[in-house]
Structure formats: C-alpha cells, structure tokens
Amino acid sequence: MAEHSTGISKGEVVIEAVDIVKNYGHLQALKGASLKVYAGEITALLGDNGAGKSTLTNIICGALPKTSGRIICRGKEIEVQSIQHAARLGIQMVYQDLALAPDLNVPNNIFLGREIIKDSIFGRLFKLLDMKKMTEISKNHLAELGIGLKSLSVPVKSLSGGERQALAVAKAVAWCESVLIMDEPTAALGARQQALVYSTMRAAAQKNLGVLVISHDIPKMLEVADRICIMRQGVVIADLMASETNLQAVLSLMLTGRAA
Ligand SMILES: Nc1ncnc2c1ncn2[C@@H]1O[C@H](COP(=O)(O)OP(=O)(O)OP(=O)(O)O)[C@@H](O)[C@H]1O
Ligand SMILES: [Mg+2]
C-alpha cells in the first residue's frame, strides 16, 4: 500500500497545472488553464458542458498529451507520459468502477497487479497468493475509509453500484501518494450510495491526499468540497473556498464568467 501522508503536509500544493493549452485541430479546448490542488482538501472542478474539465484532468493524469503548459507535482515539474507513469508519480485517476474486475473478490481487486505472494519456498516457486494477508490489509484499509461491506470474498459484481464505486475509490486511495482525481464519480448513483462515495473521498483527504473531483452537482459540491474551481471556455476563472461562496455566485461565474 502507498505510504500516504508521509512527508505531505496539509495545505501543501500536491499538483499544479500551469497555463495548460490543448488543441484539437483548430479547436482549442484549453486556453491556458491553471489549477492547484492542495493536500488534505477536496477540490471540486465545476463548469458547463464543454468547459474543458475532463480535458484538463485527463492531461494531469496522463491520459491525454497537452499542447503546452507545465504540470508540477509536489514542487517538481513532471512530464506525464501515460496513466501508468502518472500513477508512479503519485497521481491516480478513478475511472468509475471500470478498473475493477467483476469476477474477482474485494482483496483480489484491491491488489490486482500488486498481489502479495506467500513468503515460503512453495509460495515463491508457484506464485501462491497470500489471500490471508491481502484480506487482512484490505479489511483494515476499508475500515479506515469507513466502507462497510458485508463480505470481502464475494465477486465484486455482486456489490451495489455505490459499493463498487466506493471500492474503486478505495483501491485508488490504497496506491495513491499525492492526488486522487475523479470525473463524475457519483453520476449514476442514488443519494445513499453517493454519500458512501463522498465519505470515502473525505477519508482520502484526511489522509492528506489532494482530492480533485469533477461534478455537475453544484449544491452537493458546495456541501462536500473545501475548494471550488470554476472552468469556463477552456480557462479556470475562479478558485474559491466553498465556505465563502454560494450557489448563485458559482452559477453566475459558470454561465457568464462574472460574479453574481
Ligand atoms: N477528442 C476530442 N476531439 C475534439 N474535440 C474534443 C475532444 N475531446 C473534447 N473535445 C472538445 O473540447 C472541449 C472540452 O471538452 P471536455 O470534455 O474537456 O469538457 P467538459 O468540461 O469535461 O464537459 P462535460 O461537462 O460535458 O463533461 C469541448 O468543446 C469538446 O467538444
Ligand atoms: Mg467531462
């Protein structure tokens, strides 16, 4: 598991995007977008359809190359080559629950690709999985994030949508060292299931990770996020503390670019 919070202090800028430009042929999706994500905070990235939110986060997490601009991770400029490279640099994107293998159980999903092998001659020789250890670590990790599942040994396809999404977040948190990025993580979920995902996000922030979440649910973001960043037409036009703004002001900035 990632050694989060080691060395990261609350309030530290974990990731900074500076003047990011993205051209798609003649269309300029990002026109010099800048954004900071802070350790220990949930930052909501808001904006109308087409504002450039997914483009910006996809560039940060290595899914998309940028045309120009700089990405700075914990004070060091980085050239993110791929999603895997970003993950090694401490940046994890949660892609809905798509990263989960539906037929595998919870520990096997959390440790997918990072399995613990039994520490014995036979274990090493035949690559026998240490299920007991993986289950124990998964159980503690989920408990720490406040995710209560009835059983860890069932295939994850038998969990509810909200439980699967919370598990997808938990899995990302397990291996994330700096910043966790989510694009519409609760779009298909009911209110109770959303609450589970939001509480998991809060627990991730409490581990001093920076959490960046894209959402169209502005009232909810004003409630659950610490910071609200607003994008409009390819630029981040506002960076506000959630406690110091309101729905009307955010809507006005989103739709007109001006404060209400
Ligand atoms: N692969 C692509 N090729 C061409 N244009 C693209 C591509 N991806 C996105 N765009 C354009 O870039 C702009 C920003 O898109 P983006 O998906 O980042 O917006 P968004 O803020 O995430 O919107 P939404 O809230 O609808 O998800 C839009 O005008 C979109 O049409
Ligand atoms: Mg989008």
# chains A, B, ... in the order shown; residues from 1 in each chain; ligands from 1

$ residues_around --residues "Ser82 in chain A" --least-positions-apart "5" --cutoff "8 Å" --atoms "only C-alpha atoms" --output "PDB file with N, CA and C atoms, in the first residue's frame"
ATOM      1  N   CYS A  61      -3.629  13.435 -15.441  1.00  0.00           N
ATOM      2  CA  CYS A  61      -3.441  12.020 -15.046  1.00  0.00           C
ATOM      3  C   CYS A  61      -2.809  11.189 -16.163  1.00  0.00           C
ATOM      4  N   GLY A  62      -2.318  11.837 -17.211  1.00  0.00           N
ATOM      5  CA  GLY A  62      -1.527  11.120 -18.211  1.00  0.00           C
ATOM      6  C   GLY A  62      -2.337  10.429 -19.295  1.00  0.00           C
ATOM      7  N   ALA A  63      -3.657  10.664 -19.330  1.00  0.00           N
ATOM      8  CA  ALA A  63      -4.476  10.006 -20.343  1.00  0.00           C
ATOM      9  C   ALA A  63      -4.437  10.738 -21.680  1.00  0.00           C
ATOM     10  N   LEU A  64      -3.978  11.992 -21.633  1.00  0.00           N
ATOM     11  CA  LEU A  64      -4.032  12.850 -22.822  1.00  0.00           C
ATOM     12  C   LEU A  64      -2.779  13.726 -22.842  1.00  0.00           C
TER      13      LEU A  64
END

$ closest_atom_pairs --of "chain A" --to "ligand 1" --cutoff "8 Å" --atoms "only C-alpha atoms and all ligand atoms" --output "tab-separated table"
residue	atom	partner	partner_atom_place_in_ligand_line	distance
A:Tyr24	CA	ligand 1	4 (C)	5.0
A:Gly25	CA	ligand 1	4 (C)	7.4
A:Leu27	CA	ligand 1	5 (N)	6.6
A:Gln28	CA	ligand 1	12 (O)	7.0
A:Ala29	CA	ligand 1	12 (O)	4.1
A:Leu30	CA	ligand 1	14 (C)	7.2
A:Leu46	CA	ligand 1	21 (O)	7.9
A:Gly47	CA	ligand 1	21 (O)	6.0
A:Asp48	CA	ligand 1	25 (O)	5.6
A:Asn49	CA	ligand 1	26 (O)	3.4
A:Gly50	CA	ligand 1	19 (O)	3.4
A:Ala51	CA	ligand 1	21 (O)	3.8
A:Gly52	CA	ligand 1	18 (O)	3.2
A:Lys53	CA	ligand 1	21 (O)	3.7
A:Ser54	CA	ligand 1	22 (O)	3.7
A:Thr55	CA	ligand 1	18 (O)	3.7
A:Leu56	CA	ligand 1	18 (O)	6.4
A:Ser215	CA	ligand 1	25 (O)	7.8
A:His216	CA	ligand 1	25 (O)	7.1
A:Met231	CA	ligand 1	21 (O)	7.5
A:Gln233	CA	ligand 1	14 (C)	7.9
A:Gly234	CA	ligand 1	14 (C)	6.9

$ write_last_selection --atoms "C-alpha atoms" --output "short mmCIF file (atom, residue, chain, number, x, y, z; two decimals), in the first residue's frame"
data_model
loop_
_atom_site.label_atom_id
_atom_site.label_comp_id
_atom_site.auth_asym_id
_atom_site.auth_seq_id
_atom_site.Cartn_x
_atom_site.Cartn_y
_atom_site.Cartn_z
CA TYR A 24 -7.76 19.51 -31.07
CA GLY A 25 -7.01 20.56 -34.63
CA LEU A 27 -10.48 23.70 -31.68
CA GLN A 28 -8.73 24.98 -28.59
CA ALA A 29 -10.22 23.01 -25.68
CA LEU A 30 -7.85 24.53 -23.10
CA LEU A 46 -17.04 22.83 -11.90
CA GLY A 47 -18.06 24.21 -15.27
CA ASP A 48 -20.64 23.95 -18.00
CA ASN A 49 -20.55 21.15 -20.59
CA GLY A 50 -17.53 21.56 -22.83
CA ALA A 51 -15.71 23.92 -20.42
CA GLY A 52 -12.63 21.66 -20.52
CA LYS A 53 -12.82 19.86 -17.16
CA SER A 54 -12.24 16.34 -18.46
CA THR A 55 -9.56 17.53 -20.86
CA LEU A 56 -7.63 19.20 -18.02
CA SER A 215 -19.17 17.20 -10.84
CA HIS A 216 -22.27 18.88 -12.20
CA MET A 231 -13.82 26.47 -15.59
CA GLN A 233 -14.32 28.16 -22.11
CA GLY A 234 -11.02 26.41 -21.53
#

$ closest_residue --among "A:Met1, A:Asn246, A:Ile117, A:Ser153" --to "Ala172 in chain A" --atoms "only C-alpha atoms"
A:Met1

$ closest_residue --among "A:Ala2, A:Ala99, A:Ala39, A:Ala168" --to "Ile147 in chain A" --atoms "only C-alpha atoms"
A:Ala168

$ closest_residue --among "A:Pro185, A:Gln165, A:Gly148, A:Lys133" --to "ligand 2" --atoms "only C-alpha atoms and all ligand atoms"
A:Pro185

$ closest_residue --among "A:Ile60, A:Leu159, A:Leu125, A:Leu45" --to "ligand 2" --atoms "only C-alpha atoms and all ligand atoms"
A:Leu45

$ closest_residue --among "A:Gly210, A:Asn58, A:Leu35, A:Gly90" --to "ligand 2" --atoms "only C-alpha atoms and all ligand atoms"
A:Asn58

$ atom_distance --atom1 "CA of Leu222 in chain A" --atom2 "CA of Gly69 in chain A"
29.1 Å

$ select_by_dssp --residues "range 11-103 of chain A" --states "helix (DSSP H, G or I)" --output "PyMOL selection string"
chain A and resi 53-60+83-88

$ write_last_selection --atoms "C-alpha atoms" --output "compact mmCIF listing (two decimals), in the first residue's frame"
# COMPACT_ATOMS: atom_id res chain seq x y z
CA LYS A 53 -12.82 19.86 -17.16
CA SER A 54 -12.24 16.34 -18.46
CA THR A 55 -9.56 17.53 -20.86
CA LEU A 56 -7.63 19.20 -18.02
CA THR A 57 -7.89 16.25 -15.62
CA ASN A 58 -7.05 13.77 -18.39
CA ILE A 59 -3.88 15.73 -19.10
CA ILE A 60 -2.94 15.77 -15.39
CA ILE A 83 -1.64 6.82 -16.91
CA GLN A 84 0.80 4.26 -15.50
CA HIS A 85 3.56 6.85 -15.35
CA ALA A 86 1.24 9.31 -13.57
CA ALA A 87 0.31 6.59 -11.07
CA ARG A 88 4.00 6.01 -10.34

$ closest_residue --among "A:Val94, A:Ala44, A:Leu149, A:Ile8" --to "Val250 in chain A" --atoms "only C-alpha atoms"
A:Ala44

$ closest_atom_pairs --of "range 119-167 of chain A" --to "range 190-195 of chain A" --cutoff "10 Å" --atoms "only C-alpha atoms" --output "CSV"
residue,atom,partner,partner_atom,distance
A:Ser160,CA,A:Gln193,CA,8.5
A:Gly161,CA,A:Gln193,CA,7.5
A:Gly162,CA,A:Gln193,CA,4.4
A:Glu163,CA,A:Gln193,CA,7.2
A:Arg164,CA,A:Gln193,CA,9.7
A:Gln165,CA,A:Gln193,CA,8.7
A:Ala166,CA,A:Gln193,CA,8.5

$ write_last_selection --atoms "N, CA and C atoms" --output "PDB file, in the first residue's frame"
ATOM      1  N   SER A 160     -23.373  -3.517  -4.665  1.00  0.00           N
ATOM      2  CA  SER A 160     -24.239  -2.491  -5.259  1.00  0.00           C
ATOM      3  C   SER A 160     -23.365  -1.499  -6.038  1.00  0.00           C
ATOM      4  N   GLY A 161     -24.014  -0.688  -6.865  1.00  0.00           N
ATOM      5  CA  GLY A 161     -23.273   0.308  -7.658  1.00  0.00           C
ATOM      6  C   GLY A 161     -22.460   1.237  -6.770  1.00  0.00           C
ATOM      7  N   GLY A 162     -23.059   1.666  -5.675  1.00  0.00           N
ATOM      8  CA  GLY A 162     -22.379   2.585  -4.758  1.00  0.00           C
ATOM      9  C   GLY A 162     -21.210   1.910  -4.076  1.00  0.00           C
ATOM     10  N   GLU A 163     -21.406   0.652  -3.686  1.00  0.00           N
ATOM     11  CA  GLU A 163     -20.314  -0.080  -3.035  1.00  0.00           C
ATOM     12  C   GLU A 163     -19.153  -0.285  -4.008  1.00  0.00           C
ATOM     13  N   ARG A 164     -19.499  -0.595  -5.260  1.00  0.00           N
ATOM     14  CA  ARG A 164     -18.437  -0.783  -6.272  1.00  0.00           C
ATOM     15  C   ARG A 164     -17.669   0.518  -6.493  1.00  0.00           C
ATOM     16  N   GLN A 165     -18.414   1.616  -6.550  1.00  0.00           N
ATOM     17  CA  GLN A 165     -17.753   2.899  -6.789  1.00  0.00           C
ATOM     18  C   GLN A 165     -16.883   3.285  -5.595  1.00  0.00           C
ATOM     19  N   ALA A 166     -17.397   3.045  -4.375  1.00  0.00           N
ATOM     20  CA  ALA A 166     -16.601   3.333  -3.172  1.00  0.00           C
ATOM     21  C   ALA A 166     -15.353   2.453  -3.171  1.00  0.00           C
TER      22      ALA A 166
END

$ decode --residues "range 140-183 of chain A" --atoms "N, CA and C atoms" --output "compact mmCIF listing (two decimals), in the first residue's frame"
# COMPACT_ATOMS: atom_id res chain seq x y z
N ASN A 140 -8.64 -3.79 6.82
CA ASN A 140 -8.21 -2.62 7.60
C ASN A 140 -8.34 -1.34 6.78
N HIS A 141 -7.96 -1.44 5.51
CA HIS A 141 -8.00 -0.26 4.63
C HIS A 141 -9.44 0.23 4.46
N LEU A 142 -10.36 -0.70 4.21
CA LEU A 142 -11.76 -0.32 4.02
C LEU A 142 -12.35 0.24 5.31
N ALA A 143 -11.97 -0.36 6.43
CA ALA A 143 -12.48 0.12 7.73
C ALA A 143 -11.99 1.54 7.97
N GLU A 144 -10.73 1.79 7.62
CA GLU A 144 -10.15 3.12 7.81
C GLU A 144 -10.90 4.17 6.98
N LEU A 145 -11.39 3.75 5.82
CA LEU A 145 -12.12 4.68 4.94
C LEU A 145 -13.61 4.69 5.26
N GLY A 146 -14.02 3.90 6.23
CA GLY A 146 -15.43 3.88 6.64
C GLY A 146 -16.33 3.13 5.67
N ILE A 147 -15.75 2.20 4.91
CA ILE A 147 -16.55 1.42 3.96
C ILE A 147 -16.86 0.06 4.58
N GLY A 148 -18.11 -0.16 4.89
CA GLY A 148 -18.51 -1.44 5.50
C GLY A 148 -19.12 -2.33 4.43
N LEU A 149 -18.45 -3.42 4.09
CA LEU A 149 -19.02 -4.38 3.13
C LEU A 149 -19.36 -5.65 3.89
N LYS A 150 -20.45 -6.30 3.50
CA LYS A 150 -20.88 -7.49 4.24
C LYS A 150 -19.84 -8.60 4.12
N SER A 151 -19.29 -8.76 2.93
CA SER A 151 -18.31 -9.82 2.74
C SER A 151 -17.25 -9.35 1.74
N LEU A 152 -16.01 -9.72 2.01
CA LEU A 152 -14.94 -9.35 1.07
C LEU A 152 -14.68 -10.47 0.07
N SER A 153 -15.28 -11.65 0.32
CA SER A 153 -14.92 -12.81 -0.50
C SER A 153 -15.86 -13.00 -1.70
N VAL A 154 -16.88 -12.15 -1.81
CA VAL A 154 -17.80 -12.30 -2.95
C VAL A 154 -17.21 -11.60 -4.18
N PRO A 155 -17.58 -12.05 -5.40
CA PRO A 155 -17.14 -11.31 -6.59
C PRO A 155 -17.72 -9.89 -6.55
N VAL A 156 -16.94 -8.89 -6.96
CA VAL A 156 -17.41 -7.51 -6.78
C VAL A 156 -18.64 -7.19 -7.64
N LYS A 157 -18.93 -8.04 -8.64
CA LYS A 157 -20.15 -7.77 -9.43
C LYS A 157 -21.41 -7.93 -8.59
N SER A 158 -21.29 -8.60 -7.44
CA SER A 158 -22.48 -8.77 -6.60
C SER A 158 -22.65 -7.60 -5.62
N LEU A 159 -21.72 -6.63 -5.62
CA LEU A 159 -21.90 -5.45 -4.76
C LEU A 159 -22.84 -4.46 -5.44
N SER A 160 -23.37 -3.52 -4.66
CA SER A 160 -24.24 -2.49 -5.26
C SER A 160 -23.36 -1.50 -6.04
N GLY A 161 -24.01 -0.69 -6.87
CA GLY A 161 -23.27 0.31 -7.66
C GLY A 161 -22.46 1.24 -6.77
N GLY A 162 -23.06 1.67 -5.68
CA GLY A 162 -22.38 2.59 -4.76
C GLY A 162 -21.21 1.91 -4.08
N GLU A 163 -21.41 0.65 -3.69
CA GLU A 163 -20.31 -0.08 -3.03
C GLU A 163 -19.15 -0.29 -4.01
N ARG A 164 -19.50 -0.60 -5.26
CA ARG A 164 -18.44 -0.78 -6.27
C ARG A 164 -17.67 0.52 -6.49
N GLN A 165 -18.41 1.62 -6.55
CA GLN A 165 -17.75 2.90 -6.79
C GLN A 165 -16.88 3.29 -5.59
N ALA A 166 -17.40 3.04 -4.37
CA ALA A 166 -16.60 3.33 -3.17
C ALA A 166 -15.35 2.45 -3.17
N LEU A 167 -15.50 1.21 -3.62
CA LEU A 167 -14.35 0.30 -3.68
C LEU A 167 -13.33 0.79 -4.71
N ALA A 168 -13.84 1.29 -5.84
CA ALA A 168 -12.93 1.83 -6.86
C ALA A 168 -12.13 3.00 -6.29
N VAL A 169 -12.81 3.85 -5.50
CA VAL A 169 -12.10 4.97 -4.86
C VAL A 169 -11.10 4.43 -3.84
N ALA A 170 -11.54 3.44 -3.04
CA ALA A 170 -10.68 2.86 -2.00
C ALA A 170 -9.43 2.24 -2.62
N LYS A 171 -9.62 1.58 -3.76
CA LYS A 171 -8.48 0.96 -4.44
C LYS A 171 -7.48 2.04 -4.90
N ALA A 172 -8.01 3.11 -5.46
CA ALA A 172 -7.13 4.20 -5.89
C ALA A 172 -6.41 4.83 -4.69
N VAL A 173 -7.15 5.01 -3.59
CA VAL A 173 -6.55 5.59 -2.39
C VAL A 173 -5.40 4.71 -1.89
N ALA A 174 -5.61 3.38 -2.00
CA ALA A 174 -4.61 2.43 -1.48
C ALA A 174 -3.25 2.64 -2.14
N TRP A 175 -3.25 3.03 -3.40
CA TRP A 175 -1.99 3.11 -4.14
C TRP A 175 -1.60 4.54 -4.48
N CYS A 176 -2.39 5.49 -3.99
CA CYS A 176 -2.19 6.89 -4.36
C CYS A 176 -1.26 7.57 -3.36
N GLU A 177 -0.32 8.35 -3.87
CA GLU A 177 0.60 9.02 -2.95
C GLU A 177 0.38 10.52 -2.88
N SER A 178 -0.23 11.11 -3.88
CA SER A 178 -0.38 12.57 -3.84
C SER A 178 -1.78 13.05 -4.15
N VAL A 179 -2.27 12.67 -5.34
CA VAL A 179 -3.55 13.26 -5.75
C VAL A 179 -4.46 12.22 -6.39
N LEU A 180 -5.72 12.33 -5.98
CA LEU A 180 -6.75 11.41 -6.46
C LEU A 180 -7.71 12.23 -7.32
N ILE A 181 -7.95 11.79 -8.55
CA ILE A 181 -8.79 12.57 -9.46
C ILE A 181 -10.01 11.76 -9.85
N MET A 182 -11.17 12.38 -9.79
CA MET A 182 -12.41 11.68 -10.15
C MET A 182 -13.26 12.53 -11.08
N ASP A 183 -13.71 11.94 -12.16
CA ASP A 183 -14.57 12.64 -13.12
C ASP A 183 -15.98 12.09 -12.96
